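data27.txt, holding compact mmCIF, C-alpha atoms:
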```txt
# COMPACT_ATOMS: atom_id res chain seq x y z
CA MET A 1 3.75 -20.68 -46.50
CA THR A 2 0.31 -22.18 -46.95
CA ALA A 3 -2.35 -20.74 -44.68
CA ASP A 4 -2.24 -22.13 -41.16
CA ILE A 5 -5.94 -22.81 -40.62
CA HIS A 6 -7.44 -24.83 -37.78
CA ASP A 7 -10.94 -26.09 -37.15
CA ILE A 8 -11.92 -25.38 -33.59
CA SER A 9 -14.91 -26.10 -31.44
CA VAL A 10 -15.27 -23.97 -28.34
CA THR A 11 -17.97 -23.32 -25.76
CA VAL A 12 -18.46 -19.67 -24.82
CA ASN A 13 -21.06 -18.68 -22.23
CA GLY A 14 -22.75 -22.05 -22.70
CA THR A 15 -23.02 -21.79 -26.49
CA SER A 16 -20.81 -23.99 -28.62
CA TYR A 17 -19.21 -22.50 -31.68
CA ARG A 18 -17.34 -24.15 -34.54
CA ARG A 19 -15.02 -21.87 -36.47
CA GLN A 20 -11.97 -21.92 -38.68
CA VAL A 21 -9.13 -19.80 -37.34
CA GLU A 22 -5.61 -18.94 -38.37
CA GLY A 23 -3.06 -20.23 -35.86
CA ARG A 24 -1.79 -16.77 -34.98
CA LEU A 25 -5.25 -15.36 -34.16
CA LEU A 26 -5.24 -14.24 -30.54
CA LEU A 27 -8.06 -15.57 -28.39
CA SER A 28 -9.04 -11.99 -27.47
CA ASP A 29 -9.43 -11.06 -31.14
CA PHE A 30 -11.31 -14.28 -31.85
CA ILE A 31 -13.81 -13.50 -29.09
CA ARG A 32 -14.30 -9.92 -30.29
CA HIS A 33 -14.10 -10.22 -34.08
CA ASP A 34 -15.23 -13.74 -34.84
CA LEU A 35 -17.80 -14.27 -32.10
CA LEU A 36 -18.71 -10.56 -31.95
CA LEU A 37 -18.58 -10.60 -28.16
CA ALA A 38 -17.05 -7.15 -27.81
CA GLY A 39 -17.49 -6.98 -24.05
CA THR A 40 -14.01 -8.45 -23.63
CA HIS A 41 -11.80 -5.40 -23.93
CA VAL A 42 -8.32 -5.23 -25.36
CA GLY A 43 -5.99 -2.81 -23.63
CA CYS A 44 -2.25 -3.43 -23.75
CA GLU A 45 -2.22 -6.71 -25.70
CA HIS A 46 0.83 -7.95 -23.86
CA GLY A 47 -0.54 -9.26 -20.60
CA VAL A 48 -0.11 -6.23 -18.35
CA CYS A 49 -3.47 -4.45 -18.09
CA GLY A 50 -5.93 -7.30 -17.48
CA ALA A 51 -8.77 -5.75 -19.52
CA CYS A 52 -9.04 -8.90 -21.67
CA THR A 53 -9.36 -11.29 -18.72
CA ILE A 54 -11.78 -14.15 -19.37
CA ILE A 55 -12.58 -17.35 -17.51
CA PHE A 56 -10.93 -20.29 -19.28
CA ASP A 57 -11.82 -23.72 -17.88
CA GLY A 58 -12.70 -22.04 -14.59
CA ALA A 59 -9.56 -19.92 -14.25
CA ALA A 60 -9.18 -16.18 -14.90
CA VAL A 61 -6.62 -15.73 -17.68
CA ARG A 62 -5.48 -13.08 -20.16
CA SER A 63 -7.11 -13.79 -23.50
CA CYS A 64 -4.47 -11.68 -25.31
CA LEU A 65 -1.80 -14.20 -24.29
CA MET A 66 -3.51 -17.22 -25.80
CA PHE A 67 -4.30 -18.26 -29.33
CA ALA A 68 -7.82 -19.10 -30.45
CA ALA A 69 -6.56 -22.47 -31.65
CA GLN A 70 -5.65 -23.31 -28.05
CA ALA A 71 -9.29 -22.96 -27.03
CA ASP A 72 -10.32 -25.96 -29.12
CA GLY A 73 -12.39 -28.24 -26.89
CA HIS A 74 -12.33 -25.82 -23.96
CA ASP A 75 -14.90 -23.83 -22.01
CA ILE A 76 -14.86 -20.05 -21.85
CA MET A 77 -16.91 -17.45 -20.03
CA THR A 78 -16.85 -13.78 -20.97
CA VAL A 79 -18.54 -10.78 -19.38
CA GLU A 80 -21.59 -11.39 -21.61
CA GLY A 81 -22.19 -14.59 -19.67
CA LEU A 82 -22.35 -12.93 -16.25
CA ALA A 83 -25.88 -11.52 -15.98
CA PRO A 84 -28.62 -14.14 -15.54
CA ASP A 85 -30.88 -12.39 -18.08
CA HIS A 86 -31.49 -9.03 -19.75
CA GLU A 87 -33.42 -7.68 -16.77
CA ARG A 88 -31.02 -8.51 -13.97
CA LEU A 89 -27.35 -7.89 -13.34
CA HIS A 90 -24.94 -10.31 -11.67
CA PRO A 91 -24.39 -9.31 -8.01
CA LEU A 92 -20.87 -8.14 -8.91
CA GLN A 93 -22.20 -5.93 -11.71
CA GLN A 94 -24.94 -4.59 -9.47
CA ALA A 95 -22.45 -3.78 -6.72
CA MET A 96 -20.06 -2.08 -9.17
CA ARG A 97 -22.97 0.08 -10.31
CA GLU A 98 -24.11 0.99 -6.80
CA CYS A 99 -20.62 1.70 -5.46
CA HIS A 100 -19.45 3.65 -8.52
CA GLY A 101 -16.80 1.01 -9.16
CA LEU A 102 -16.23 2.32 -12.67
CA GLN A 103 -15.91 5.56 -14.56
CA CYS A 104 -14.85 4.96 -18.17
CA GLY A 105 -15.57 1.23 -17.81
CA TYR A 106 -12.74 0.01 -20.00
CA CYS A 107 -11.14 -2.18 -17.34
CA THR A 108 -14.49 -3.33 -15.91
CA PRO A 109 -15.08 -6.57 -17.87
CA GLY A 110 -11.64 -7.87 -16.92
CA ILE A 111 -12.19 -6.94 -13.29
CA LEU A 112 -15.60 -8.62 -13.22
CA MET A 113 -14.25 -11.87 -14.63
CA THR A 114 -11.28 -11.85 -12.27
CA MET A 115 -13.48 -11.12 -9.25
CA LYS A 116 -16.08 -13.72 -10.19
CA VAL A 117 -13.60 -16.57 -9.80
CA PHE A 118 -11.95 -14.89 -6.83
CA LEU A 119 -15.21 -14.67 -4.86
CA GLU A 120 -16.13 -18.24 -5.69
CA GLU A 121 -12.81 -19.33 -4.19
CA ASN A 122 -12.79 -16.76 -1.36
CA PRO A 123 -16.38 -16.02 -0.32
CA ALA A 124 -15.34 -13.82 2.62
CA PRO A 125 -12.18 -11.95 1.60
CA ASP A 126 -10.63 -9.12 3.59
CA GLU A 127 -9.61 -5.88 1.94
CA ALA A 128 -5.96 -6.90 1.53
CA GLN A 129 -6.96 -10.11 -0.25
CA ILE A 130 -9.25 -8.17 -2.59
CA ARG A 131 -6.49 -5.70 -3.42
CA GLU A 132 -4.05 -8.55 -4.06
CA ALA A 133 -6.60 -10.26 -6.31
CA LEU A 134 -7.14 -6.98 -8.19
CA SER A 135 -3.41 -6.44 -8.68
CA GLY A 136 -3.45 -7.82 -12.20
CA ASN A 137 -6.13 -5.40 -13.42
CA LEU A 138 -5.21 -1.80 -14.16
CA CYS A 139 -7.82 0.90 -13.59
CA ARG A 140 -6.74 4.46 -14.29
CA CYS A 141 -10.01 6.16 -13.28
CA THR A 142 -11.21 5.06 -9.90
CA GLY A 143 -8.15 4.72 -7.70
CA TYR A 144 -9.59 1.27 -6.88
CA GLN A 145 -11.30 2.35 -3.65
CA HIS A 146 -14.82 2.04 -5.07
CA ILE A 147 -13.97 -1.23 -6.81
CA VAL A 148 -12.82 -2.69 -3.50
CA GLU A 149 -16.05 -1.52 -1.87
CA ALA A 150 -18.09 -3.03 -4.70
CA VAL A 151 -16.34 -6.39 -4.32
CA GLN A 152 -16.97 -6.32 -0.57
CA LEU A 153 -20.65 -5.57 -1.15
CA ALA A 154 -20.96 -8.29 -3.79
CA ALA A 155 -19.23 -10.79 -1.50
CA GLU A 156 -21.67 -9.97 1.28
CA ARG A 157 -24.68 -10.45 -1.00
CA LEU A 158 -23.31 -13.61 -2.58
CA ARG A 159 -22.83 -15.17 0.86
CA LYS A 160 -26.54 -14.80 1.63
CA MET B 1 -3.89 -10.20 -35.50
CA LYS B 2 -0.61 -9.19 -33.97
CA PRO B 3 1.96 -11.98 -34.11
CA ALA B 4 3.77 -12.62 -37.40
CA PRO B 5 2.58 -15.71 -39.28
CA PHE B 6 3.67 -19.08 -37.92
CA ARG B 7 2.52 -22.66 -38.00
CA TYR B 8 0.58 -23.73 -34.91
CA ILE B 9 0.85 -27.38 -33.97
CA ALA B 10 -0.92 -28.83 -30.92
CA ALA B 11 1.28 -31.70 -29.74
CA ARG B 12 -0.48 -35.05 -29.31
CA SER B 13 2.39 -36.74 -27.46
CA LEU B 14 5.76 -35.89 -26.00
CA ASP B 15 7.38 -38.02 -28.68
CA GLN B 16 5.62 -36.10 -31.43
CA ALA B 17 6.56 -32.75 -29.84
CA LEU B 18 10.23 -33.80 -29.69
CA ARG B 19 10.12 -35.06 -33.26
CA LEU B 20 8.69 -31.75 -34.46
CA LYS B 21 11.35 -29.83 -32.54
CA ALA B 22 14.08 -31.99 -34.04
CA GLU B 23 12.70 -31.19 -37.50
CA TRP B 24 12.20 -27.45 -37.00
CA GLY B 25 15.15 -26.77 -34.68
CA ASP B 26 15.62 -23.17 -33.58
CA GLU B 27 12.86 -22.07 -35.97
CA ALA B 28 10.24 -23.55 -33.63
CA ARG B 29 9.39 -22.69 -30.06
CA PHE B 30 7.51 -24.76 -27.51
CA LEU B 31 4.37 -23.03 -26.26
CA ALA B 32 3.75 -23.73 -22.57
CA GLY B 33 1.90 -21.04 -20.56
CA GLY B 34 2.88 -18.43 -23.14
CA GLN B 35 2.92 -15.67 -20.53
CA SER B 36 6.40 -14.52 -21.55
CA LEU B 37 6.61 -15.81 -25.12
CA VAL B 38 3.29 -14.50 -26.45
CA PRO B 39 3.88 -10.85 -25.38
CA THR B 40 7.16 -10.88 -27.31
CA MET B 41 5.31 -12.37 -30.30
CA ASN B 42 2.59 -9.71 -30.05
CA PHE B 43 5.36 -7.11 -30.30
CA ARG B 44 6.93 -9.19 -33.10
CA LEU B 45 10.17 -9.25 -31.15
CA THR B 46 9.95 -13.04 -31.49
CA GLN B 47 8.86 -14.51 -34.81
CA PRO B 48 9.11 -18.29 -34.64
CA ALA B 49 8.23 -20.20 -37.80
CA ALA B 50 6.32 -22.73 -35.74
CA LEU B 51 4.80 -23.03 -32.29
CA ILE B 52 4.58 -26.51 -30.81
CA ASP B 53 1.83 -26.28 -28.19
CA ILE B 54 2.63 -28.67 -25.34
CA ASN B 55 -0.42 -27.74 -23.24
CA PRO B 56 -2.23 -30.96 -24.26
CA LEU B 57 0.58 -33.05 -22.70
CA ALA B 58 -0.89 -33.68 -19.24
CA GLU B 59 1.98 -36.02 -18.34
CA LEU B 60 4.27 -32.97 -18.13
CA SER B 61 2.19 -31.46 -15.33
CA GLY B 62 2.21 -32.22 -11.63
CA LEU B 63 4.30 -32.38 -8.48
CA ARG B 64 5.59 -35.68 -7.15
CA ASN B 65 7.07 -36.14 -3.72
CA GLY B 66 9.98 -38.56 -3.84
CA GLY B 67 11.07 -38.15 -0.23
CA ARG B 68 14.27 -36.11 -0.27
CA LEU B 69 13.65 -34.95 -3.81
CA LEU B 70 10.59 -33.33 -5.35
CA SER B 71 9.87 -33.54 -9.02
CA ILE B 72 7.86 -30.84 -10.74
CA GLY B 73 6.67 -31.38 -14.31
CA ALA B 74 7.65 -28.55 -16.63
CA LEU B 75 4.03 -27.79 -17.53
CA THR B 76 2.99 -27.37 -13.88
CA ARG B 77 1.25 -24.02 -13.57
CA TYR B 78 2.18 -21.62 -10.79
CA ARG B 79 -1.39 -21.69 -9.54
CA MET B 80 -1.08 -25.42 -8.97
CA LEU B 81 2.07 -24.90 -6.91
CA GLU B 82 0.33 -22.18 -4.87
CA ARG B 83 -2.44 -24.60 -3.99
CA ASP B 84 -0.35 -27.68 -3.27
CA PRO B 85 0.39 -28.04 0.46
CA LYS B 86 3.52 -30.06 -0.41
CA VAL B 87 5.10 -26.84 -1.68
CA GLY B 88 4.70 -25.03 1.63
CA ARG B 89 5.97 -28.05 3.54
CA HIS B 90 8.93 -29.12 1.41
CA LEU B 91 9.71 -26.10 -0.75
CA PRO B 92 9.05 -23.10 1.50
CA LEU B 93 11.38 -20.93 -0.61
CA ILE B 94 9.04 -21.35 -3.58
CA ALA B 95 5.95 -20.84 -1.43
CA GLU B 96 7.36 -17.53 -0.23
CA ALA B 97 8.29 -16.37 -3.74
CA LEU B 98 5.06 -17.33 -5.55
CA PRO B 99 3.03 -14.24 -4.58
CA HIS B 100 5.78 -12.09 -6.11
CA ILE B 101 5.58 -13.84 -9.47
CA ALA B 102 3.41 -11.60 -11.65
CA HIS B 103 -0.34 -11.51 -11.03
CA PRO B 104 -2.98 -14.16 -10.29
CA GLN B 105 -4.13 -14.34 -13.93
CA ILE B 106 -0.55 -14.87 -15.11
CA ARG B 107 0.04 -17.53 -12.44
CA ASN B 108 -3.14 -19.30 -13.58
CA ARG B 109 -1.50 -19.92 -16.92
CA GLY B 110 2.26 -19.57 -16.45
CA THR B 111 4.33 -22.73 -15.99
CA ILE B 112 7.53 -23.39 -14.08
CA GLY B 113 9.23 -24.97 -17.10
CA GLY B 114 8.26 -22.18 -19.46
CA ASN B 115 9.51 -19.63 -16.96
CA LEU B 116 12.87 -21.39 -16.56
CA ALA B 117 13.36 -22.03 -20.28
CA HIS B 118 12.59 -18.38 -21.02
CA ALA B 119 15.54 -17.48 -18.73
CA ASP B 120 14.65 -13.89 -18.03
CA PRO B 121 17.39 -12.54 -15.71
CA ALA B 122 14.77 -10.58 -13.73
CA SER B 123 12.60 -13.64 -13.17
CA GLU B 124 12.35 -15.13 -9.68
CA MET B 125 12.29 -18.87 -10.40
CA PRO B 126 15.73 -19.18 -12.05
CA ALA B 127 17.35 -17.70 -8.92
CA ILE B 128 15.28 -20.02 -6.74
CA VAL B 129 16.25 -23.24 -8.52
CA VAL B 130 19.88 -22.09 -8.38
CA ALA B 131 19.61 -21.32 -4.66
CA LEU B 132 18.03 -24.74 -4.07
CA GLY B 133 20.69 -26.50 -6.13
CA GLY B 134 18.09 -28.19 -8.31
CA ARG B 135 18.58 -29.92 -11.62
CA LEU B 136 16.64 -29.84 -14.85
CA ARG B 137 15.75 -32.66 -17.18
CA ALA B 138 16.21 -32.07 -20.90
CA GLN B 139 14.66 -34.56 -23.29
CA SER B 140 15.07 -35.00 -27.02
CA LEU B 141 14.69 -37.82 -29.51
CA ARG B 142 18.34 -38.57 -28.79
CA GLY B 143 17.61 -39.29 -25.16
CA GLU B 144 17.72 -37.28 -21.96
CA ARG B 145 20.21 -35.50 -19.76
CA TRP B 146 20.08 -33.73 -16.42
CA ILE B 147 21.50 -30.23 -16.21
CA ASP B 148 22.44 -28.61 -12.90
CA ALA B 149 20.47 -25.39 -12.45
CA ALA B 150 23.75 -23.50 -12.08
CA ASP B 151 24.81 -24.63 -15.58
CA PHE B 152 21.40 -24.21 -17.22
CA PHE B 153 21.28 -20.41 -17.43
CA VAL B 154 23.88 -19.33 -19.96
CA GLY B 155 22.88 -15.69 -20.37
CA ALA B 156 19.94 -13.37 -20.80
CA LEU B 157 17.11 -15.39 -22.42
CA THR B 158 19.66 -18.12 -23.18
CA THR B 159 19.88 -21.61 -21.73
CA ALA B 160 22.02 -24.71 -22.15
CA LEU B 161 19.16 -26.45 -23.99
CA HIS B 162 20.00 -27.66 -27.50
CA ALA B 163 17.69 -26.82 -30.40
CA ASP B 164 16.04 -30.25 -30.29
CA GLU B 165 15.61 -30.43 -26.50
CA MET B 166 12.66 -29.75 -24.24
CA LEU B 167 12.88 -28.96 -20.55
CA THR B 168 10.47 -31.53 -19.14
CA GLU B 169 11.07 -31.71 -15.40
CA VAL B 170 12.53 -29.81 -12.48
CA GLU B 171 14.01 -31.77 -9.60
CA LEU B 172 14.48 -29.94 -6.32
CA PRO B 173 15.74 -31.13 -2.93
CA ALA B 174 13.16 -30.93 -0.14
CA VAL B 175 14.21 -28.52 2.56
CA PRO B 176 16.50 -30.48 4.94
CA GLN B 177 16.29 -30.36 8.73
CA ARG B 178 17.50 -27.28 10.59
CA THR B 179 17.29 -25.25 7.41
CA GLY B 180 15.77 -21.83 6.93
CA CYS B 181 14.87 -20.33 3.57
CA CYS B 182 13.96 -16.82 2.61
CA PHE B 183 12.94 -14.99 -0.54
CA MET B 184 12.71 -11.20 -0.71
CA GLU B 185 12.47 -8.73 -3.54
CA VAL B 186 11.88 -5.07 -4.18
CA SER B 187 9.75 -4.11 -7.15
CA ARG B 188 8.08 -0.85 -8.11
CA ARG B 189 4.63 -2.38 -7.75
CA ARG B 190 3.49 -5.73 -6.46
CA GLY B 191 3.74 -8.27 -9.27
CA ASP B 192 6.22 -6.24 -11.33
CA PHE B 193 9.61 -7.66 -12.14
CA ALA B 194 12.02 -7.32 -9.25
CA MET B 195 14.57 -4.51 -9.25
CA ILE B 196 16.53 -7.01 -7.16
CA GLY B 197 15.49 -10.28 -5.58
CA VAL B 198 17.36 -12.52 -3.16
CA ALA B 199 16.76 -16.23 -2.53
CA CYS B 200 18.72 -17.96 0.19
CA THR B 201 18.85 -21.17 2.18
CA LEU B 202 20.81 -21.61 5.38
CA GLN B 203 21.35 -24.80 7.37
CA VAL B 204 22.68 -24.91 10.92
CA ASP B 205 24.23 -27.88 12.76
CA GLU B 206 23.29 -29.12 16.25
CA SER B 207 25.49 -26.48 17.84
CA GLY B 208 23.77 -23.72 15.85
CA ARG B 209 26.70 -23.04 13.51
CA CYS B 210 26.06 -22.59 9.81
CA ALA B 211 26.54 -25.94 8.07
CA ALA B 212 25.63 -24.79 4.56
CA ALA B 213 24.35 -21.66 2.86
CA ARG B 214 23.31 -20.75 -0.66
CA ILE B 215 22.49 -17.27 -1.88
CA ALA B 216 21.21 -16.47 -5.38
CA LEU B 217 19.88 -13.23 -6.85
CA CYS B 218 17.57 -12.23 -9.66
CA ASN B 219 17.99 -9.16 -11.88
CA ALA B 220 21.58 -8.86 -10.69
CA GLY B 221 23.29 -9.86 -13.95
CA ASP B 222 22.74 -11.69 -17.26
CA GLY B 223 21.05 -14.56 -15.46
CA PRO B 224 20.47 -15.76 -11.93
CA VAL B 225 23.62 -15.01 -9.92
CA PHE B 226 24.86 -17.58 -7.44
CA ALA B 227 26.89 -15.70 -4.82
CA ALA B 228 29.43 -18.46 -4.14
CA GLU B 229 31.92 -16.50 -2.06
CA ALA B 230 29.26 -14.90 0.13
CA SER B 231 27.56 -18.28 0.64
CA GLN B 232 30.84 -19.97 1.59
CA SER B 233 31.80 -17.16 3.97
CA LEU B 234 28.99 -18.15 6.33
CA VAL B 235 29.85 -21.82 6.71
CA GLY B 236 31.21 -22.86 10.10
CA ARG B 237 30.19 -19.67 11.84
CA ALA B 238 27.69 -19.08 14.63
CA ILE B 239 26.02 -16.41 12.59
CA GLY B 240 25.70 -12.93 13.98
CA ALA B 241 25.19 -9.47 12.57
CA ALA B 242 28.84 -9.07 11.52
CA ASP B 243 28.81 -12.31 9.50
CA ILE B 244 25.63 -11.27 7.75
CA LYS B 245 27.09 -7.85 6.98
CA GLU B 246 30.20 -9.47 5.54
CA ALA B 247 28.14 -11.78 3.32
CA ALA B 248 26.00 -8.86 2.13
CA ASP B 249 29.16 -6.91 1.23
CA LEU B 250 30.47 -9.91 -0.71
CA VAL B 251 27.17 -10.15 -2.60
CA GLN B 252 27.37 -6.48 -3.52
CA ARG B 253 30.86 -7.02 -4.93
CA ALA B 254 29.90 -10.22 -6.78
CA ILE B 255 27.00 -8.85 -8.82
CA ASP B 256 26.89 -6.77 -11.97
CA PRO B 257 23.34 -5.49 -12.30
CA GLY B 258 22.30 -3.95 -15.61
CA GLY B 259 20.72 -0.77 -14.31
CA SER B 260 17.62 0.78 -15.89
CA ILE B 261 15.67 4.04 -15.87
CA HIS B 262 13.83 2.76 -12.80
CA ALA B 263 16.82 1.55 -10.81
CA SER B 264 20.42 2.55 -11.41
CA LYS B 265 23.22 0.01 -11.00
CA GLU B 266 24.20 1.70 -7.74
CA PHE B 267 20.66 1.49 -6.39
CA GLN B 268 20.36 -2.16 -7.39
CA ARG B 269 23.66 -2.91 -5.67
CA HIS B 270 22.45 -1.10 -2.57
CA LEU B 271 19.20 -3.10 -2.60
CA ALA B 272 21.12 -6.35 -3.05
CA GLY B 273 23.10 -5.63 0.11
CA VAL B 274 20.07 -4.66 2.17
CA LEU B 275 17.93 -7.58 1.00
CA THR B 276 20.74 -10.12 1.42
CA GLY B 277 21.18 -8.96 5.00
CA ARG B 278 17.49 -9.19 5.78
CA ALA B 279 16.98 -12.51 3.99
CA LEU B 280 19.97 -14.14 5.69
CA ALA B 281 18.85 -12.91 9.10
CA ALA B 282 15.37 -14.34 8.49
CA ALA B 283 16.73 -17.65 7.14
CA ASN B 284 19.10 -17.99 10.11
CA GLU B 285 16.24 -17.34 12.52
CA ARG B 286 14.02 -19.89 10.76
CA ALA B 287 16.80 -22.50 10.72
CA ARG B 288 17.29 -22.14 14.49
CA ARG B 289 13.57 -22.46 15.08
CA ASP B 290 13.66 -25.69 13.06
CA ARG B 291 16.21 -27.28 15.42
```
How does the structure come out when it is put into structure tokens?
Amino acid sequence: MTADIHDISVTVNGTSYRRQVEGRLLLSDFIRHDLLLAGTHVGCEHGVCGACTIIFDGAAVRSCLMFAAQADGHDIMTVEGLAPDHERLHPLQQAMRECHGLQCGYCTPGILMTMKVFLEENPAPDEAQIREALSGNLCRCTGYQHIVEAVQLAAERLRK
Amino acid sequence: MKPAPFRYIAARSLDQALRLKAEWGDEARFLAGGQSLVPTMNFRLTQPAALIDINPLAELSGLRNGGRLLSIGALTRYRMLERDPKVGRHLPLIAEALPHIAHPQIRNRGTIGGNLAHADPASEMPAIVVALGGRLRAQSLRGERWIDAADFFVGALTTALHADEMLTEVELPAVPQRTGCCFMEVSRRRGDFAMIGVACTLQVDESGRCAAARIALCNAGDGPVFAAEASQSLVGRAIGAADIKEAADLVQRAIDPGGSIHASKEFQRHLAGVLTGRALAAANERARRDR
């Protein structure tokens, strides 16, 4: 079989990239290995853990369940696009830091990207809604309590 | 890179996608949301020679209200159904089941057609379209045909679709008057596959007697199980606790769950009885309220 190569053009965190990718290259691996944006973590690679969650055309999705070729012409945001600059953190990141919403940090990028969209759509969520929204992201360190508190704090600050 | 090599083709039109499928046959798979297919490819359990990506085909997405019938394009994502008020109004069974279907990120991407064509026996939507008595549109270069949901699911991960056909549309009846619906499932964690799930609809007549009932289960056999005898047993009765108990017993006898390390056959059968009883009681209550 001749190589299955595709030219793609994709916008990630506001920067447009043109690359050649093999059809079977997962979007998660493309983001990490081709674009060298290693903030997107790869946990289970079959859609269970949520560590690889990115924002694809405004929706939080698993990047391990898409192919890079599918991103052609689309808009992506990864955790590297969250903070406004090198000096400041995004309110969600700041709140995670203050509330001890992470220990090992492996699940954190996926949680941040999931919560970013969630808070934009639900600016004043209750605890049950936050837990439901977090259900697709596995964290084995924190027991989630501090993550929930961080999301509540971030929501409060983002509303101001 | 995890999946085995394959040829990726982004479809430009439905016609082109069908032509490619006719050429490649069983060697090719359609790629819709990919939320079930891609994990199996990452494990190399599935190694298609070609993937025909139908995501560019916007005409396959959307929900149309045709009065008594609703039409849902196969590429309609679960998230879209969650946000469409027509679903809550006309398809309350689906509205109730949606939060149980995986997680928000999966629902952002997963499609109703992909879910149905994947035909996982543990999946919620096959049981729901069977309970609703829907029908599915299969298109190929040869033409189109409509398949009753009850005939669509042939076995585990197996459907009545031919190698050159695509499931393009799901047609479901809007909930009629004096009808209650209920979906319930038990899973180990929220968003996990159900150990057992029950979908039912129950219609009462002016006098409050059951005019029609349909009960279907997920993860209770090789595919969605329509509990015909249990459903029929309710018709004509002014439903009380004894009728519900009888129907639940009939459901327990009708199913043949696979059993797993997390839930033995016996436990699944037990759950099926309990959930059927609760779901029927809720549906009956809702139907009476709708009078």
**OP:** Using all atoms listed in the file, determine which residues of chain A fall within 6 Å of chain B; present them as a PyMOL selection string.
**Re:** chain A and resi 4+23+25+46+60-61+65+136
Original post:
Which residue out of A:Gly14, A:Pro125, A:Gly58, A:Gly50 has the minimum interatomic distance to Pro109 (chain A) when all atoms listed in the file are used?
Top reply: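 Distance minimum relative to Pro109 (chain A) lands on A:Gly50.
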Subject >> Atom pair CA of Ile239 (chain B) / CA of Phe226 (chain B): separation (Å) >> reply: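 One can read the CA of Ile239 (chain B) to CA of Phe226 (chain B) distance as 20.1 Å.
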**OP:** Skip region 89-96 of chain A itself and residues of its chain fewer than 5 positions away, then list as a list in words all residues within 9 Å of it, counting all atoms listed in the file.
**Re:**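 Selected residues are Leu82, Ala83, Pro84, Gly101, Leu102, Thr108, Leu112, Met115, Lys116, His146, Ile147, Glu149, Ala150, Val151, Gln152, Leu153, Ala154, Ala155, Arg157 and Leu158 of chain A.
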Original post:
Could you work out how far CA of Arg269 (chain B) lies from CA of Gly223 (chain B), giving the answer in Å with one decimal?
Top reply: 15.4 Å
Subject >> CA of Gln20 (chain A) to CA of Leu35 (chain A), distance in Å rounded to a single decimal >> reply: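 Result for CA of Gln20 (chain A) versus CA of Leu35 (chain A): 11.7 Å, one decimal.
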Expected file for region 55-96 of chain B keeping C-alpha atoms, as a PDB file, in the first residue's frame:
```
ATOM      1  CA  ASN B  55     -18.102  14.090   9.037  1.00  0.00           C
ATOM      2  CA  PRO B  56     -17.931  16.623   6.165  1.00  0.00           C
ATOM      3  CA  LEU B  57     -21.455  15.608   5.051  1.00  0.00           C
ATOM      4  CA  ALA B  58     -23.521  18.254   6.842  1.00  0.00           C
ATOM      5  CA  GLU B  59     -26.711  17.067   5.122  1.00  0.00           C
ATOM      6  CA  LEU B  60     -26.615  13.940   7.313  1.00  0.00           C
ATOM      7  CA  SER B  61     -26.907  16.004  10.484  1.00  0.00           C
ATOM      8  CA  GLY B  62     -29.966  17.516  12.107  1.00  0.00           C
ATOM      9  CA  LEU B  63     -33.386  16.841  13.565  1.00  0.00           C
ATOM     10  CA  ARG B  64     -36.531  17.540  11.576  1.00  0.00           C
ATOM     11  CA  ASN B  65     -39.999  17.597  13.056  1.00  0.00           C
ATOM     12  CA  GLY B  66     -42.495  16.082  10.649  1.00  0.00           C
ATOM     13  CA  GLY B  67     -45.486  16.171  12.981  1.00  0.00           C
ATOM     14  CA  ARG B  68     -46.137  12.596  14.096  1.00  0.00           C
ATOM     15  CA  LEU B  69     -42.701  11.480  12.968  1.00  0.00           C
ATOM     16  CA  LEU B  70     -39.290  12.911  13.768  1.00  0.00           C
ATOM     17  CA  SER B  71     -36.352  12.408  11.504  1.00  0.00           C
ATOM     18  CA  ILE B  72     -32.827  12.439  12.887  1.00  0.00           C
ATOM     19  CA  GLY B  73     -29.875  12.502  10.499  1.00  0.00           C
ATOM     20  CA  ALA B  74     -27.372   9.738  11.181  1.00  0.00           C
ATOM     21  CA  LEU B  75     -24.537  12.211  11.779  1.00  0.00           C
ATOM     22  CA  THR B  76     -26.476  14.123  14.445  1.00  0.00           C
ATOM     23  CA  ARG B  77     -24.279  14.324  17.524  1.00  0.00           C
ATOM     24  CA  TYR B  78     -25.664  13.467  20.943  1.00  0.00           C
ATOM     25  CA  ARG B  79     -24.803  16.941  22.165  1.00  0.00           C
ATOM     26  CA  MET B  80     -27.097  18.396  19.531  1.00  0.00           C
ATOM     27  CA  LEU B  81     -29.955  16.180  20.715  1.00  0.00           C
ATOM     28  CA  GLU B  82     -29.298  17.215  24.328  1.00  0.00           C
ATOM     29  CA  ARG B  83     -29.662  20.855  23.372  1.00  0.00           C
ATOM     30  CA  ASP B  84     -32.665  20.571  21.074  1.00  0.00           C
ATOM     31  CA  PRO B  85     -35.925  21.323  22.921  1.00  0.00           C
ATOM     32  CA  LYS B  86     -37.801  19.203  20.350  1.00  0.00           C
ATOM     33  CA  VAL B  87     -36.185  16.119  21.885  1.00  0.00           C
ATOM     34  CA  GLY B  88     -37.566  16.806  25.350  1.00  0.00           C
ATOM     35  CA  ARG B  89     -40.992  17.596  23.935  1.00  0.00           C
ATOM     36  CA  HIS B  90     -41.427  14.817  21.379  1.00  0.00           C
ATOM     37  CA  LEU B  91     -38.851  12.202  22.341  1.00  0.00           C
ATOM     38  CA  PRO B  92     -38.774  12.264  26.148  1.00  0.00           C
ATOM     39  CA  LEU B  93     -37.413   8.710  26.239  1.00  0.00           C
ATOM     40  CA  ILE B  94     -34.263   9.890  24.470  1.00  0.00           C
ATOM     41  CA  ALA B  95     -34.026  13.015  26.621  1.00  0.00           C
ATOM     42  CA  GLU B  96     -34.087  10.846  29.740  1.00  0.00           C
TER      43      GLU B  96
END
```
